[in-house]
Amino acid sequence: MKTNFASFGMKLKPFYSYSSNSLSTLFRLLLFRSNPFWIQLSYFLTISLVGYLALSVFSKPRTDNTLSFMPKELDLFFTSVSAATVSSMSTIEMEVFSNSQLVILTILMLLGGEVFVSMLGIQIERSKFPKHQVSTSNNHVSYSHSTVDQIELKGISHSRPENDDNPNNLIDIENGNKLSSDIDNNLYLKHSSIRYLGYVVLGYLLVVHVVGSALVSSYITLFSSARQVLKSKGIEIQTFSVFTTVSTFANCGFVPTNENMIVFKRNSGLLLLFISQILLGNTLYPSCLWFVIWVLGKITKRRECSYLLRNSREIGYDHLFSGLHSTLLALTVFGFILVQLILFCSLEWNLEAMDGMSFYQKFVASLFQVVNSRHAGESVVDISTISSAILVLFVVMMYLPPYTSFLTMKDQKKVSINGDIGRKNNLLECFILSPLSYLAIFVILICITEREKMKSDPLNFNVLNIIIEVTSAYGNVGFSNGYSCKRQLKLDGNCIDKGYGFSGKWSSEGKFVLIIVMFFGRLKKFSMEGGKAWKMS
């Protein structure tokens with residue numbers, strides 16, 4: 001009987017092998033031939049739905065602060081999408097969430113952060129290489145290719161016929177073997193460099209989160225003013241530290257307090273910690289990554305580091321720029337911060353929210369506010385109290401992509417040679433509108449869904465507030481003018497000011513449109529070249 005089973009198993013072994021290879025080939029075709037837009041959209045939709053289900057399961061208000069409000073299902077899904085797309089648009093007060101729900105939101109923000117998502121892209125890029133075996137001995141590398149790569153090398157490798165003593169044939173064979181060996185070495189080095197890049201990004205992610213959480217926790221433990229705020233709200237120090245660090249690095253903007261960072265506006269040291277995390281996780285990430293790889297190359301002398309710095313385009317990692325592009329990006333980021341800081345301090349230095357603060361505290365708070373206008377969304381002042389000129393400036397900053405940089409025509413040519421700019425166009429892209437066009441469409445849709453409230457409550461539901469909310473969702477920022485009962489023309493005695501965004505007062509249709517805007521904003525890199533088919537002449 002055992003012999004029969006063994007014989008039967010041997011017969012099925014080729015079938016298993018064939019099935020395994022077929023499934024592997026099918027997976028590779030689906031993964032590598034699919035449009036990256038649909039892959040990422042499916043990813044964000046999936047984690048948003050899973051997050052919504054998890055939030056629903058633990059949908060119980062905290063019992064330590066007499067909160068009895070139970071969120072609606074749409075608001076839970078809205079919050080899950082907001083965390084997964086790192087938008088921090090809110091329709092629910094943050095202190096309503098239980099500790100378990102805060103953990104779920106932390107996971108969603110981590111999974112939705114740009115650095116973490118880019119790590120998945122590195123793994124996909126690695127899996128494009130065929131299975132191989134690498135052996136090193138005396139600086140010799142052997143690379144075993146799959147059938148696909150053998151086809152690519154066809155015509156390069158030649159087999160020597162028997163009894164062929166023609167010297168020209170020998171030379172051709174030697175040259176062919178040498179060329180094939182060079183290709184093997186380059187493929188191996190590229191694969192090794194991509195794998196090394198994955199380790200560098202993973203280390204970058206872990207170091208910032210671990211060190212950042214530890215520093216935030218230490219600060220709150222040492223300074224009683226910050227510690228007392230969390231104690232009064234029933235928020236654990238460790239939960240706050242991890243949650244806020246993940247949110248800040250992902251540039252989400254969620255904070256476990258209803259007032260966001262307003263309650264910490266005098267804790268300048270804490271604000272400086274968060275400023276560094278904001279820059280490390282978004283606008284300065286390519287520049288910092290290039291610098292980390294450069295330092296590692298100087299220390300370790302690994303070939304992978306020099307290969308990564310020289311071949312940014314071939315690696316296929318969107319966040320790896322050339323040295324020139326990284327430098328120009330850093331200069332642009334600091335330039336935007338400087339311009340905003342000068343204007344903000346000039347117009348808002350005597351803002352009522354900053355009364356009683358020292359010069360140093362005002363300066364750090366102002367710096368924190370303008371840094372957050374580029375995709376982070378945390379705030380130390382009520383946005384609705386800021387002058388219209390600064391609000392318009394913030395709208396422009398929220399609209400700009402995170403890696404916007406100033407390049408002269410000469411620099412653009414150099415960067416193009418280094419491989420940071422360049423994209424193939426197809427017919428579908430000709431029908432894609434510009435991002436500004438989509439924003440106009442979304443604003444019009446919101447004005448339609450909220451038209452009745454715009455008539456009855458025009459001071460709250462005005463076009464400027466809607467534009468700020470939509471632009472903030474598109475930029476995945478989280479800034480909001482909020483809703484104020486004092487601005488009502490017809491005072492409602494039951495109206496209570498809440499610590500959530502303006503969209504919290506919208507209709508279900510308006511919230512659904514804003515959910516689409518958040519997804520669209522998270523994937524805006526796929527539409528940045530849109531609208532070029534139109535000629536305005």
# chains A, B, ... in the order shown; residues from 1 in each chain; ligands from 1
$ closest_atom_pairs --of "range 461-503 of chain A" --to "range 236-255 of chain A" --cutoff "8 Å" --atoms "only C-alpha atoms" --output "Markdown table"
| residue | atom | partner | partner_atom | distance |
| --- | --- | --- | --- | --- |
| A:Asn476 | CA | A:Cys252 | CA | 7.2 |
| A:Val477 | CA | A:Cys252 | CA | 6.8 |
| A:Gly478 | CA | A:Gly253 | CA | 6.4 |
$ select_by_dssp --residues "range 285-350 of chain A" --states "helix (DSSP H, G or I)" --output "VMD selection string"
chain A and resid 285 to 300 303 to 310 312 to 315 323 to 348
$ residues_around --residues "Ser80 in chain A" --least-positions-apart "5" --cutoff "8 Å" --atoms "only C-alpha atoms" --output "compact mmCIF listing (two decimals) with all heavy atoms, in the first residue's frame"
# COMPACT_ATOMS: atom_id res chain seq x y z
N SER A 48 -8.63 50.28 4.09
CA SER A 48 -9.68 51.16 4.60
C SER A 48 -10.89 50.34 5.05
O SER A 48 -11.47 50.60 6.11
CB SER A 48 -10.10 52.17 3.53
OG SER A 48 -9.04 53.04 3.19
N LEU A 49 -11.28 49.36 4.25
CA LEU A 49 -12.42 48.52 4.61
C LEU A 49 -12.11 47.66 5.83
O LEU A 49 -12.96 47.53 6.73
CB LEU A 49 -12.79 47.62 3.41
CG LEU A 49 -13.43 48.33 2.22
CD1 LEU A 49 -13.56 47.39 1.03
CD2 LEU A 49 -14.80 48.89 2.61
N GLY A 51 -9.95 48.39 8.15
CA GLY A 51 -9.91 49.32 9.28
C GLY A 51 -11.29 49.70 9.75
O GLY A 51 -11.54 49.80 10.96
N TYR A 52 -12.20 49.91 8.80
CA TYR A 52 -13.58 50.25 9.17
C TYR A 52 -14.23 49.11 9.96
O TYR A 52 -14.90 49.35 10.97
CB TYR A 52 -14.38 50.54 7.90
CG TYR A 52 -15.87 50.34 8.05
CD1 TYR A 52 -16.63 51.21 8.83
CD2 TYR A 52 -16.52 49.29 7.40
CE1 TYR A 52 -18.00 51.02 8.98
CE2 TYR A 52 -17.88 49.10 7.54
CZ TYR A 52 -18.61 49.96 8.32
OH TYR A 52 -19.95 49.77 8.48
N LEU A 55 -12.72 49.08 13.45
CA LEU A 55 -13.25 50.18 14.27
C LEU A 55 -14.69 49.90 14.70
O LEU A 55 -15.10 50.26 15.81
CB LEU A 55 -13.20 51.49 13.49
CG LEU A 55 -11.81 52.10 13.23
CD1 LEU A 55 -11.91 53.32 12.33
CD2 LEU A 55 -11.13 52.48 14.55
N LEU A 105 -6.19 52.80 14.50
CA LEU A 105 -5.85 53.97 13.69
C LEU A 105 -4.34 54.10 13.51
O LEU A 105 -3.87 54.51 12.43
CB LEU A 105 -6.42 55.24 14.34
CG LEU A 105 -7.95 55.38 14.34
CD1 LEU A 105 -8.36 56.64 15.10
CD2 LEU A 105 -8.48 55.44 12.91
N LEU A 108 -3.38 51.72 10.78
CA LEU A 108 -3.82 52.23 9.48
C LEU A 108 -2.89 53.34 8.98
O LEU A 108 -2.52 53.37 7.80
CB LEU A 108 -5.24 52.77 9.58
CG LEU A 108 -6.37 51.73 9.72
CD1 LEU A 108 -7.70 52.43 9.93
CD2 LEU A 108 -6.44 50.84 8.50
$ atom_distance --atom1 "CA of Thr85 in chain A" --atom2 "CA of Gly112 in chain A"
5.7 Å
$ closest_residue --among "A:Asp382, A:Lys265, A:Val396, A:Val443" --to "Gly356 in chain A" --atoms "only C-alpha atoms"
A:Lys265
$ residues_around --residues "Gly504 in chain A" --least-positions-apart "6" --cutoff "10 Å" --atoms "only C-alpha atoms" --output "list of chain:residue names"
A:Asp75, A:Phe78, A:Met89, A:Ser90, A:Thr91, A:Ile92, A:Glu93, A:Gly482, A:Tyr483, A:Lys498, A:Gly510, A:Lys511
$ write_last_selection --atoms "N, CA and C atoms" --output "mmCIF file, in the first residue's frame"
data_model
loop_
_atom_site.group_PDB
_atom_site.id
_atom_site.type_symbol
_atom_site.label_atom_id
_atom_site.label_comp_id
_atom_site.auth_asym_id
_atom_site.auth_seq_id
_atom_site.Cartn_x
_atom_site.Cartn_y
_atom_site.Cartn_z
ATOM 1 N N ASP A 75 -19.336 57.675 9.399
ATOM 2 C CA ASP A 75 -18.252 58.424 10.033
ATOM 3 C C ASP A 75 -17.075 57.511 10.379
ATOM 4 N N PHE A 78 -15.380 56.907 7.104
ATOM 5 C CA PHE A 78 -14.700 58.159 6.765
ATOM 6 C C PHE A 78 -13.381 58.262 7.529
ATOM 7 N N MET A 89 -8.639 64.113 7.908
ATOM 8 C CA MET A 89 -9.924 64.794 7.900
ATOM 9 C C MET A 89 -10.805 64.107 8.938
ATOM 10 N N SER A 90 -11.493 64.882 9.756
ATOM 11 C CA SER A 90 -12.220 64.278 10.873
ATOM 12 C C SER A 90 -13.673 64.697 10.893
ATOM 13 N N THR A 91 -14.542 63.729 11.160
ATOM 14 C CA THR A 91 -15.961 63.991 11.381
ATOM 15 C C THR A 91 -16.373 63.515 12.772
ATOM 16 N N ILE A 92 -15.387 63.027 13.545
ATOM 17 C CA ILE A 92 -15.618 62.547 14.901
ATOM 18 C C ILE A 92 -14.526 63.123 15.797
ATOM 19 N N GLU A 93 -14.886 63.490 16.997
ATOM 20 C CA GLU A 93 -13.881 63.955 17.952
ATOM 21 C C GLU A 93 -12.963 62.798 18.330
ATOM 22 N N GLY A 482 -13.245 74.276 10.533
ATOM 23 C CA GLY A 482 -14.182 73.833 11.554
ATOM 24 C C GLY A 482 -15.552 74.472 11.405
ATOM 25 N N TYR A 483 -16.392 74.213 12.395
ATOM 26 C CA TYR A 483 -17.744 74.773 12.405
ATOM 27 C C TYR A 483 -17.952 75.487 13.727
ATOM 28 N N LYS A 498 -17.906 71.384 18.361
ATOM 29 C CA LYS A 498 -17.211 70.111 18.478
ATOM 30 C C LYS A 498 -15.778 70.229 17.959
ATOM 31 N N GLY A 510 -22.109 64.683 0.902
ATOM 32 C CA GLY A 510 -20.903 65.507 0.908
ATOM 33 C C GLY A 510 -19.713 64.764 1.484
ATOM 34 N N LYS A 511 -19.939 63.997 2.551
ATOM 35 C CA LYS A 511 -18.859 63.211 3.150
ATOM 36 C C LYS A 511 -18.354 62.145 2.178
#
$ closest_residue --among "A:Phe321, A:Tyr204, A:Phe97, A:Phe116" --to "Leu308 in chain A" --atoms "only C-alpha atoms"
A:Phe321
$ closest_residue --among "A:Pro401, A:Gly323, A:Gly501, A:Gly297" --to "Ile468 in chain A" --atoms "only C-alpha atoms"
A:Gly501
$ closest_residue --among "A:Arg266, A:Arg303, A:Arg126, A:His319" --to "Met357 in chain A" --atoms "only C-alpha atoms"
A:Arg266
$ atom_distance --atom1 "CA of Leu391 in chain A" --atom2 "CA of Ser82 in chain A"
21.9 Å
$ closest_residue --among "A:Leu206, A:Cys288, A:Ile220, A:Ile107" --to "Leu270 in chain A" --atoms "only C-alpha atoms"
A:Ile220
$ atom_distance --atom1 "CA of Asn460 in chain A" --atom2 "CA of Arg487 in chain A"
6.3 Å
$ residues_around --residues "Leu271 in chain A" --least-positions-apart "4" --cutoff "8 Å" --atoms "only C-alpha atoms" --output "mmCIF file with all heavy atoms, in the first residue's frame"
data_model
loop_
_atom_site.group_PDB
_atom_site.id
_atom_site.type_symbol
_atom_site.label_atom_id
_atom_site.label_comp_id
_atom_site.auth_asym_id
_atom_site.auth_seq_id
_atom_site.Cartn_x
_atom_site.Cartn_y
_atom_site.Cartn_z
ATOM 1 N N PHE A 264 -0.754 71.841 23.383
ATOM 2 C CA PHE A 264 0.700 71.729 23.590
ATOM 3 C C PHE A 264 1.452 72.904 22.963
ATOM 4 O O PHE A 264 2.667 72.812 22.733
ATOM 5 C CB PHE A 264 1.230 70.418 23.001
ATOM 6 C CG PHE A 264 0.640 69.185 23.604
ATOM 7 C CD1 PHE A 264 -0.310 68.449 22.909
ATOM 8 C CD2 PHE A 264 1.029 68.742 24.859
ATOM 9 C CE1 PHE A 264 -0.854 67.291 23.459
ATOM 10 C CE2 PHE A 264 0.487 67.598 25.416
ATOM 11 C CZ PHE A 264 -0.465 66.865 24.706
ATOM 12 N N LYS A 265 0.758 73.995 22.684
ATOM 13 C CA LYS A 265 1.390 75.093 21.958
ATOM 14 C C LYS A 265 2.528 75.747 22.734
ATOM 15 O O LYS A 265 3.420 76.360 22.140
ATOM 16 C CB LYS A 265 0.350 76.142 21.576
ATOM 17 C CG LYS A 265 -0.339 76.811 22.763
ATOM 18 C CD LYS A 265 -1.418 77.772 22.293
ATOM 19 C CE LYS A 265 -2.132 78.426 23.482
ATOM 20 N NZ LYS A 265 -3.210 79.335 23.025
ATOM 21 N N ASN A 267 4.613 73.965 24.670
ATOM 22 C CA ASN A 267 5.679 72.951 24.810
ATOM 23 C C ASN A 267 6.552 72.960 23.564
ATOM 24 O O ASN A 267 6.421 72.122 22.667
ATOM 25 C CB ASN A 267 5.066 71.565 25.035
ATOM 26 C CG ASN A 267 4.227 71.493 26.300
ATOM 27 O OD1 ASN A 267 2.999 71.443 26.276
ATOM 28 N ND2 ASN A 267 4.910 71.486 27.443
ATOM 29 N N ILE A 275 8.322 68.623 14.384
ATOM 30 C CA ILE A 275 8.750 69.281 13.144
ATOM 31 C C ILE A 275 9.768 68.409 12.407
ATOM 32 O O ILE A 275 9.682 68.219 11.185
ATOM 33 C CB ILE A 275 9.338 70.678 13.443
ATOM 34 C CG1 ILE A 275 8.231 71.653 13.834
ATOM 35 C CG2 ILE A 275 10.101 71.223 12.232
ATOM 36 C CD1 ILE A 275 8.734 73.007 14.286
ATOM 37 N N VAL A 364 8.498 79.230 17.695
ATOM 38 C CA VAL A 364 8.419 77.781 17.457
ATOM 39 C C VAL A 364 7.007 77.381 17.039
ATOM 40 O O VAL A 364 6.819 76.561 16.131
ATOM 41 C CB VAL A 364 8.859 76.999 18.710
ATOM 42 C CG1 VAL A 364 8.634 75.501 18.521
ATOM 43 C CG2 VAL A 364 10.330 77.277 19.029
ATOM 44 N N ALA A 365 5.995 77.967 17.686
ATOM 45 C CA ALA A 365 4.613 77.666 17.316
ATOM 46 C C ALA A 365 4.324 78.095 15.877
ATOM 47 O O ALA A 365 3.653 77.374 15.120
ATOM 48 C CB ALA A 365 3.653 78.354 18.281
ATOM 49 N N PHE A 368 6.051 75.650 13.574
ATOM 50 C CA PHE A 368 5.291 74.405 13.560
ATOM 51 C C PHE A 368 4.070 74.509 12.649
ATOM 52 O O PHE A 368 3.769 73.596 11.873
ATOM 53 C CB PHE A 368 4.866 74.051 14.983
ATOM 54 C CG PHE A 368 4.095 72.768 15.102
ATOM 55 C CD1 PHE A 368 4.753 71.553 15.205
ATOM 56 C CD2 PHE A 368 2.709 72.776 15.124
ATOM 57 C CE1 PHE A 368 4.045 70.364 15.316
ATOM 58 C CE2 PHE A 368 1.989 71.601 15.244
ATOM 59 C CZ PHE A 368 2.658 70.389 15.335
#
$ residues_around --residues "Leu351 in chain A" --least-positions-apart "4" --cutoff "10 Å" --atoms "only C-alpha atoms" --output "ChimeraX atom specification"
/A:345,347,355,362,381,385-387
